[in-house]
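Text of entry38.cif, listed as mmCIF, C-alpha atoms:
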```cif
data_coords
#
loop_
_atom_site.label_atom_id
_atom_site.label_comp_id
_atom_site.auth_asym_id
_atom_site.auth_seq_id
_atom_site.Cartn_x
_atom_site.Cartn_y
_atom_site.Cartn_z
CA MET W 1185 -2.03 26.12 17.95
CA LYS W 1186 -0.43 24.37 14.99
CA LEU W 1187 3.03 24.62 16.56
CA GLU W 1188 1.68 23.36 19.88
CA ARG W 1189 0.07 20.36 18.18
CA PHE W 1190 3.30 19.63 16.30
CA GLU W 1191 5.29 19.79 19.53
CA ARG W 1192 2.84 17.43 21.26
CA LEU W 1193 3.23 14.94 18.44
CA ARG W 1194 7.02 15.20 18.63
CA LYS W 1195 6.93 14.40 22.34
CA ALA W 1196 4.51 11.53 21.77
CA GLN W 1197 6.77 10.09 19.07
CA LYS W 1198 9.80 10.23 21.36
CA ALA W 1199 7.87 8.61 24.22
CA TYR W 1200 6.61 5.82 21.98
CA HIS W 1201 10.10 5.21 20.65
CA ARG W 1202 11.47 4.83 24.19
CA ARG W 1203 8.61 2.58 25.27
CA CYS W 1204 8.24 0.22 22.29
CA LYS W 1205 11.34 -1.25 20.71
CA TRP W 1206 11.76 -2.18 17.07
CA VAL W 1207 13.82 -5.21 16.04
CA MET W 1208 16.10 -3.75 13.37
CA LYS W 1209 18.12 -5.33 10.55
CA ASN W 1210 20.95 -3.14 9.29
CA GLY W 1211 19.18 -0.09 10.64
CA ILE W 1212 15.81 -1.00 9.07
CA TYR W 1213 12.59 -2.24 10.65
CA VAL W 1214 11.77 -5.01 8.16
CA ILE W 1215 8.11 -6.06 8.17
CA HIS W 1216 7.81 -8.41 5.20
CA SER W 1217 9.67 -11.52 4.09
CA TYR W 1218 11.23 -11.56 0.62
CA ASP W 1219 12.26 -15.22 0.66
CA GLU W 1220 9.89 -16.18 -2.16
CA LYS W 1221 10.77 -13.25 -4.41
CA LYS W 1222 12.66 -13.99 -7.63
CA PRO W 1223 15.44 -11.67 -8.88
CA ASP W 1224 13.38 -10.62 -11.92
CA ASP W 1225 9.99 -10.28 -10.20
CA LEU W 1226 8.07 -7.05 -10.64
CA SER W 1227 7.59 -5.11 -7.43
CA TRP W 1228 4.34 -3.56 -6.25
CA TRP W 1229 4.55 -2.22 -2.69
CA SER W 1230 6.24 -2.65 0.65
CA ASP W 1231 6.47 -1.13 4.14
CA ALA W 1232 9.48 -0.56 6.36
CA GLY W 1233 10.72 1.72 9.10
CA PHE W 1234 13.89 3.44 10.28
CA ILE W 1235 15.07 5.79 12.98
CA LEU W 1236 15.77 9.44 12.24
CA GLY W 1237 17.26 11.19 15.24
CA ASP W 1238 15.31 9.89 18.23
CA ARG W 1239 12.04 9.31 16.40
CA ARG W 1240 10.64 6.66 14.14
CA VAL W 1241 9.85 6.95 10.47
CA MET W 1242 7.39 4.57 8.81
CA VAL W 1243 7.61 4.35 5.02
CA TRP W 1244 4.67 3.11 2.94
CA TRP W 1245 6.11 2.63 -0.54
CA GLN W 1246 4.32 1.85 -3.80
CA HIS W 1247 5.70 1.31 -7.27
CA PRO W 1248 3.92 3.44 -9.92
CA ARG W 1249 2.70 0.23 -11.57
CA PHE W 1250 0.75 -0.57 -8.39
CA VAL W 1251 -0.94 2.84 -8.49
CA TYR W 1252 -1.69 2.27 -12.17
CA ALA W 1253 -3.17 -1.18 -11.45
CA GLU W 1254 -5.38 0.33 -8.73
CA ALA W 1255 -6.59 2.91 -11.25
CA LEU W 1256 -7.50 0.10 -13.66
CA ASP W 1257 -9.52 -1.62 -10.94
CA GLU W 1258 -11.35 1.60 -10.14
CA GLN W 1259 -12.10 2.19 -13.83
CA ALA W 1260 -13.48 -1.34 -14.11
CA ARG W 1261 -15.81 -0.74 -11.15
CA GLN W 1262 -17.04 2.49 -12.69
CA GLU W 1263 -17.73 0.82 -16.04
CA ALA W 1264 -19.46 -2.14 -14.39
CA GLY W 1265 -21.91 0.17 -12.67
CA HIS W 1266 -23.65 -0.10 -9.34
CA SER W 1267 -22.86 -3.23 -7.34
CA PRO W 1268 -25.95 -5.13 -6.11
CA VAL W 1269 -24.00 -6.04 -2.97
CA ASN W 1270 -23.06 -2.44 -2.12
CA GLY W 1271 -21.25 -3.31 1.12
CA ARG W 1272 -24.04 -5.67 2.31
CA LEU W 1273 -22.15 -8.91 1.71
CA PHE W 1274 -22.66 -10.20 5.26
CA ASP W 1275 -26.14 -8.82 5.91
CA ASP W 1276 -27.76 -12.14 4.98
CA GLY W 1277 -24.90 -14.26 6.24
CA ILE W 1278 -25.11 -16.67 9.16
CA PRO W 1279 -22.52 -15.82 11.85
CA ASN W 1280 -20.26 -18.59 13.08
CA HIS W 1281 -19.25 -18.23 16.72
CA LYS W 1282 -16.34 -19.37 18.83
CA PRO W 1283 -16.63 -19.78 22.63
CA VAL W 1284 -14.68 -17.22 24.64
CA GLY W 1285 -14.57 -18.10 28.33
CA ARG W 1286 -17.50 -19.85 30.04
CA SER W 1287 -20.44 -17.82 28.81
CA ARG W 1288 -19.24 -15.54 26.04
CA LYS W 1289 -18.68 -16.12 22.35
CA LYS W 1290 -17.44 -14.09 19.40
CA ILE W 1291 -18.06 -14.13 15.66
CA ILE W 1292 -15.14 -15.65 13.74
CA SER W 1293 -16.70 -15.97 10.27
CA TYR W 1294 -19.89 -15.85 8.23
CA THR W 1295 -21.58 -18.45 6.07
CA VAL W 1296 -22.81 -16.48 3.10
CA PRO W 1297 -25.67 -17.85 0.97
CA PRO W 1298 -25.13 -18.25 -2.79
CA GLY W 1299 -25.32 -15.00 -4.70
CA THR W 1300 -28.35 -13.98 -6.70
CA ASP W 1301 -28.39 -14.01 -10.49
CA GLU W 1302 -28.02 -10.23 -10.38
CA THR W 1303 -24.91 -10.50 -8.23
CA ARG W 1304 -23.32 -13.17 -10.42
CA GLN W 1305 -24.05 -11.15 -13.56
CA TYR W 1306 -22.47 -8.08 -12.01
CA TYR W 1307 -19.23 -9.88 -11.09
CA ASP W 1308 -19.08 -11.59 -14.48
CA ARG W 1309 -19.38 -8.16 -16.09
CA LEU W 1310 -16.76 -6.71 -13.74
CA ASP W 1311 -14.36 -9.58 -14.49
CA THR W 1312 -14.78 -9.13 -18.26
CA ILE W 1313 -14.07 -5.41 -18.02
CA ASN W 1314 -11.08 -6.06 -15.76
CA GLN W 1315 -9.57 -8.51 -18.23
CA ARG W 1316 -10.00 -6.02 -21.09
CA LEU W 1317 -8.39 -3.18 -19.14
CA GLN W 1318 -5.54 -5.42 -18.01
CA LYS W 1319 -4.88 -6.29 -21.65
CA GLU W 1320 -5.38 -2.84 -23.19
CA GLY W 1321 -4.46 -0.47 -20.37
CA MET W 1322 -5.90 3.03 -20.26
CA ASP W 1323 -4.85 6.65 -20.52
CA PHE W 1324 -3.56 7.28 -17.02
CA THR W 1325 -0.17 8.54 -15.87
CA VAL W 1326 1.58 8.06 -12.54
CA LYS W 1327 4.50 10.24 -11.54
CA PRO W 1328 6.79 9.86 -8.52
CA CYS W 1329 5.43 11.63 -5.47
CA TRP W 1330 5.72 11.61 -1.71
CA GLN W 1331 3.89 12.96 1.31
CA ARG W 1332 4.94 13.40 4.91
CA GLU W 1333 2.53 12.94 7.81
CA CYS W 1334 3.15 13.57 11.49
CA LEU W 1335 1.56 10.80 13.58
CA SER W 1336 1.45 10.30 17.33
CA TRP W 1337 3.93 7.40 17.16
CA ALA W 1338 6.05 8.14 14.07
CA THR W 1339 6.62 10.27 11.03
CA GLY W 1340 4.74 8.65 8.16
CA VAL W 1341 6.04 8.80 4.59
CA GLU W 1342 3.83 7.77 1.67
CA LEU W 1343 6.19 7.28 -1.27
CA VAL W 1344 5.53 6.43 -4.91
CA ALA W 1345 8.82 5.78 -6.71
CA PRO W 1346 10.01 3.46 -9.54
CA LEU W 1347 12.24 1.19 -7.47
CA GLU W 1348 12.26 -2.60 -7.42
CA VAL W 1349 12.13 -4.26 -4.00
CA ARG W 1350 12.70 -8.02 -4.13
CA ASN W 1351 15.01 -8.41 -1.15
CA GLU W 1352 16.16 -6.57 1.93
CA THR W 1353 19.15 -5.07 0.11
CA GLU W 1354 16.84 -3.40 -2.40
CA LEU W 1355 14.57 -2.34 0.46
CA GLU W 1356 17.49 -0.27 1.72
CA ASN W 1357 17.18 1.86 -1.44
CA VAL W 1358 13.63 2.82 -0.45
CA ILE W 1359 14.71 3.73 3.07
CA ASP W 1360 17.70 5.70 1.81
CA LEU W 1361 15.50 7.68 -0.57
CA ALA W 1362 12.91 8.44 2.11
CA ASN W 1363 15.67 9.50 4.50
CA ARG W 1364 17.20 11.92 1.99
CA LEU W 1365 13.78 13.32 1.05
CA LEU W 1366 13.00 14.05 4.70
CA ARG W 1367 16.37 15.73 5.19
CA GLY W 1368 15.89 17.86 2.08
CA GLN W 1369 18.97 16.34 0.44
CA THR W 1370 17.21 15.38 -2.80
CA THR W 1371 13.97 15.56 -4.75
CA LEU W 1372 12.05 13.00 -6.77
CA GLU W 1373 12.52 15.09 -9.91
CA HIS W 1374 16.26 14.93 -9.35
CA GLU W 1375 16.19 11.18 -8.71
CA PHE W 1376 13.81 10.30 -11.57
CA PRO W 1377 13.91 13.20 -14.05
CA GLY W 1378 10.90 13.19 -16.38
CA TYR W 1379 9.73 9.75 -15.23
CA ALA W 1380 6.10 8.76 -15.80
CA TYR W 1381 4.37 5.39 -15.78
CA GLY W 1382 1.41 4.91 -18.11
CA ARG W 1383 -0.17 2.69 -20.72
CA GLU W 1384 3.10 2.18 -22.62
CA GLN W 1385 4.98 0.92 -19.56
CA TRP W 1386 2.02 -1.23 -18.45
CA LEU W 1387 1.84 -3.00 -21.82
CA GLN W 1388 5.62 -3.46 -21.99
CA GLU W 1389 5.48 -5.41 -18.72
CA GLN W 1390 2.51 -7.55 -19.71
CA ASP W 1391 4.56 -10.74 -20.16
CA LYS W 1392 6.18 -10.31 -16.75
CA ARG W 1393 3.02 -9.95 -14.69
#
```

Would it be possible to restate this file's structure as structure tokens?
Amino acid sequence: MKLERFERLRKAQKAYHRRCKWVMKNGIYVIHSYDEKKPDDLSWWSDAGFILGDRRVMVWWQHPRFVYAEALDEQARQEAGHSPVNGRLFDDGIPNHKPVGRSRKKIISYTVPPGTDETRQYYDRLDTINQRLQKEGMDFTVKPCWQRECLSWATGVELVAPLEVRNETELENVIDLANRLLRGQTTLEHEFPGYAYGREQWLQEQDKR
């Protein structure tokens, strides 16, 4: 059954590739603009695609510092405790509608009433904890890693690697690495031997963020 499912996904990927065309630049499906990036900016994440054989590959790349920053945010939420909002931000909001056709309308936004004292206190506490963690860091280590996923329209690659992507030329390095990983031509340990991103690296970059 697993082989049958894999074969079905392969056929679906090929069919999607024939049906929906990508606009490529130098062999890369570029999604984001890098016009406002400076040469010495720190990089966080990016997405791009390429063609391998007759199927598409979608790469979702993150720099280890982005994963570390996400861990800091999660730690701040844990320290701040239970949120009084708890996903109910729009429950008391007034929906704003936009006419669609002659008799229909759809919600385009919400007018949310001012938060309660409890809500404001929670976010003040969360902000204070966030600022402390941003300044001090925490004991958490991120190592390069990658994962392949077979989707109905493409092969997905989630990649965490210490590359800098500030322009389309540097984006090519991400695509090249993903390509070689998929082909079994390299490993992340070979590319970044012993690399780890943690508190030390986070604090060293503090003036650049």

*Spatial neighbours of Glu1342 (chain W), max dist 12 Å, only C-alpha atoms, sep filter under 5 positions, as a PyMOL selection string*: chain W and resi 1229-1233+1241-1247+1328-1334+1358-1359+1361-1362+1365-1366

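By all atoms listed in the file, and with residues fewer than 6 positions from Asn1363 (chain W) along its chain excluded, the set lying at most 10 Å from it is Phe1234, Ile1235, Leu1236, Val1241, Val1243, Val1341, Asn1357, Gln1369 and Thr1370 of chain W.
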
Writing out the chosen residues with C-alpha atoms as an mmCIF file, keeping the file's coordinate frame:
```cif
data_model
loop_
_atom_site.group_PDB
_atom_site.id
_atom_site.type_symbol
_atom_site.label_atom_id
_atom_site.label_comp_id
_atom_site.auth_asym_id
_atom_site.auth_seq_id
_atom_site.Cartn_x
_atom_site.Cartn_y
_atom_site.Cartn_z
ATOM 1 C CA PHE W 1234 13.890 3.440 10.280
ATOM 2 C CA ILE W 1235 15.070 5.790 12.980
ATOM 3 C CA LEU W 1236 15.770 9.440 12.240
ATOM 4 C CA VAL W 1241 9.850 6.950 10.470
ATOM 5 C CA VAL W 1243 7.610 4.350 5.020
ATOM 6 C CA VAL W 1341 6.040 8.800 4.590
ATOM 7 C CA ASN W 1357 17.180 1.860 -1.440
ATOM 8 C CA GLN W 1369 18.970 16.340 0.440
ATOM 9 C CA THR W 1370 17.210 15.380 -2.800
#
```

*asked:* Nearest residue to Arg1239 (chain W) out of W:Leu1343, W:Ala1338, W:Val1349, W:Leu1372, using only C-alpha atoms?
replied: W:Ala1338

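Atom to atom, CA of Arg1192 (chain W) and CA of Val1207 (chain W) stand 25.7 Å apart.
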
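Going from CA of Gln1259 (chain W) to CA of Asp1323 (chain W) covers 10.8 Å.
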
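The set of residues that the PyMOL selection byres ((chain W and resi 1317) around 12) takes from this file is Tyr1252, Ala1253, Glu1254, Ala1255, Leu1256, Asp1257, Glu1258, Gln1259, Ala1260, Arg1261, Glu1263, Leu1310, Asp1311, Thr1312, Ile1313, Asn1314, Gln1315, Arg1316, Gln1318, Lys1319, Glu1320, Gly1321, Met1322, Asp1323, Phe1324, Arg1383, Trp1386, Leu1387 and Gln1390 of chain W.
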
With the input short on atoms, add N, CA, C and O atoms back to region 1246-1268 of chain W and write it as a CSV table (one decimal), in the coordinates of the input.
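As a result, out-v2.csv now contains:
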```csv
chain,number,residue,atom,x,y,z
W,1246,GLN,N,5.0,2.5,-2.7
W,1246,GLN,CA,4.3,1.8,-3.8
W,1246,GLN,C,5.1,2.1,-5.1
W,1246,GLN,O,5.6,3.2,-5.3
W,1247,HIS,N,5.2,1.1,-5.9
W,1247,HIS,CA,5.7,1.3,-7.3
W,1247,HIS,C,4.6,2.0,-8.1
W,1247,HIS,O,3.4,1.7,-7.9
W,1248,PRO,N,4.9,2.8,-9.1
W,1248,PRO,CA,3.9,3.4,-9.9
W,1248,PRO,C,3.0,2.4,-10.6
W,1248,PRO,O,1.9,2.7,-10.9
W,1249,ARG,N,3.5,1.2,-10.9
W,1249,ARG,CA,2.7,0.2,-11.6
W,1249,ARG,C,1.6,-0.2,-10.7
W,1249,ARG,O,0.5,-0.6,-11.1
W,1250,PHE,N,1.8,-0.2,-9.3
W,1250,PHE,CA,0.8,-0.6,-8.4
W,1250,PHE,C,-0.4,0.5,-8.4
W,1250,PHE,O,-1.5,0.2,-8.4
W,1251,VAL,N,0.0,1.8,-8.4
W,1251,VAL,CA,-0.9,2.8,-8.5
W,1251,VAL,C,-1.7,2.8,-9.8
W,1251,VAL,O,-2.9,3.0,-9.8
W,1252,TYR,N,-1.0,2.4,-10.9
W,1252,TYR,CA,-1.7,2.3,-12.2
W,1252,TYR,C,-2.7,1.1,-12.1
W,1252,TYR,O,-3.8,1.2,-12.6
W,1253,ALA,N,-2.3,0.0,-11.5
W,1253,ALA,CA,-3.2,-1.2,-11.4
W,1253,ALA,C,-4.4,-0.9,-10.6
W,1253,ALA,O,-5.5,-1.3,-10.9
W,1254,GLU,N,-4.2,-0.1,-9.5
W,1254,GLU,CA,-5.4,0.3,-8.7
W,1254,GLU,C,-6.3,1.2,-9.5
W,1254,GLU,O,-7.6,1.1,-9.4
W,1255,ALA,N,-5.8,2.1,-10.4
W,1255,ALA,CA,-6.6,2.9,-11.2
W,1255,ALA,C,-7.4,2.1,-12.3
W,1255,ALA,O,-8.5,2.4,-12.6
W,1256,LEU,N,-6.8,1.0,-12.8
W,1256,LEU,CA,-7.5,0.1,-13.7
W,1256,LEU,C,-8.7,-0.6,-12.9
W,1256,LEU,O,-9.8,-0.7,-13.5
W,1257,ASP,N,-8.4,-1.0,-11.7
W,1257,ASP,CA,-9.5,-1.6,-10.9
W,1257,ASP,C,-10.7,-0.6,-10.7
W,1257,ASP,O,-11.8,-1.0,-10.8
W,1258,GLU,N,-10.3,0.6,-10.4
W,1258,GLU,CA,-11.4,1.6,-10.1
W,1258,GLU,C,-12.1,1.9,-11.4
W,1258,GLU,O,-13.4,2.0,-11.4
W,1259,GLN,N,-11.4,2.0,-12.6
W,1259,GLN,CA,-12.1,2.2,-13.8
W,1259,GLN,C,-13.0,1.0,-14.2
W,1259,GLN,O,-14.2,1.3,-14.7
W,1260,ALA,N,-12.6,-0.2,-13.9
W,1260,ALA,CA,-13.5,-1.3,-14.1
W,1260,ALA,C,-14.8,-1.3,-13.3
W,1260,ALA,O,-15.9,-1.6,-13.8
W,1261,ARG,N,-14.6,-0.9,-12.0
W,1261,ARG,CA,-15.8,-0.7,-11.2
W,1261,ARG,C,-16.8,0.3,-11.7
W,1261,ARG,O,-18.0,0.2,-11.6
W,1262,GLN,N,-16.2,1.4,-12.2
W,1262,GLN,CA,-17.0,2.5,-12.7
W,1262,GLN,C,-17.8,2.0,-13.9
W,1262,GLN,O,-19.0,2.3,-14.1
W,1263,GLU,N,-17.1,1.3,-14.8
W,1263,GLU,CA,-17.7,0.8,-16.0
W,1263,GLU,C,-18.8,-0.3,-15.7
W,1263,GLU,O,-19.8,-0.4,-16.5
W,1264,ALA,N,-18.5,-1.1,-14.7
W,1264,ALA,CA,-19.5,-2.1,-14.4
W,1264,ALA,C,-20.8,-1.6,-13.8
W,1264,ALA,O,-21.8,-2.3,-13.8
W,1265,GLY,N,-20.7,-0.4,-13.2
W,1265,GLY,CA,-21.9,0.2,-12.7
W,1265,GLY,C,-22.1,-0.2,-11.2
W,1265,GLY,O,-21.3,-0.7,-10.5
W,1266,HIS,N,-23.3,0.1,-10.7
W,1266,HIS,CA,-23.6,-0.1,-9.3
W,1266,HIS,C,-23.6,-1.6,-8.9
W,1266,HIS,O,-24.2,-2.4,-9.6
W,1267,SER,N,-22.9,-1.9,-7.8
W,1267,SER,CA,-22.9,-3.2,-7.3
W,1267,SER,C,-24.1,-3.6,-6.6
W,1267,SER,O,-24.6,-2.8,-5.7
W,1268,PRO,N,-24.7,-4.7,-6.9
W,1268,PRO,CA,-26.0,-5.1,-6.1
W,1268,PRO,C,-25.7,-5.5,-4.7
W,1268,PRO,O,-26.5,-5.4,-3.8
```
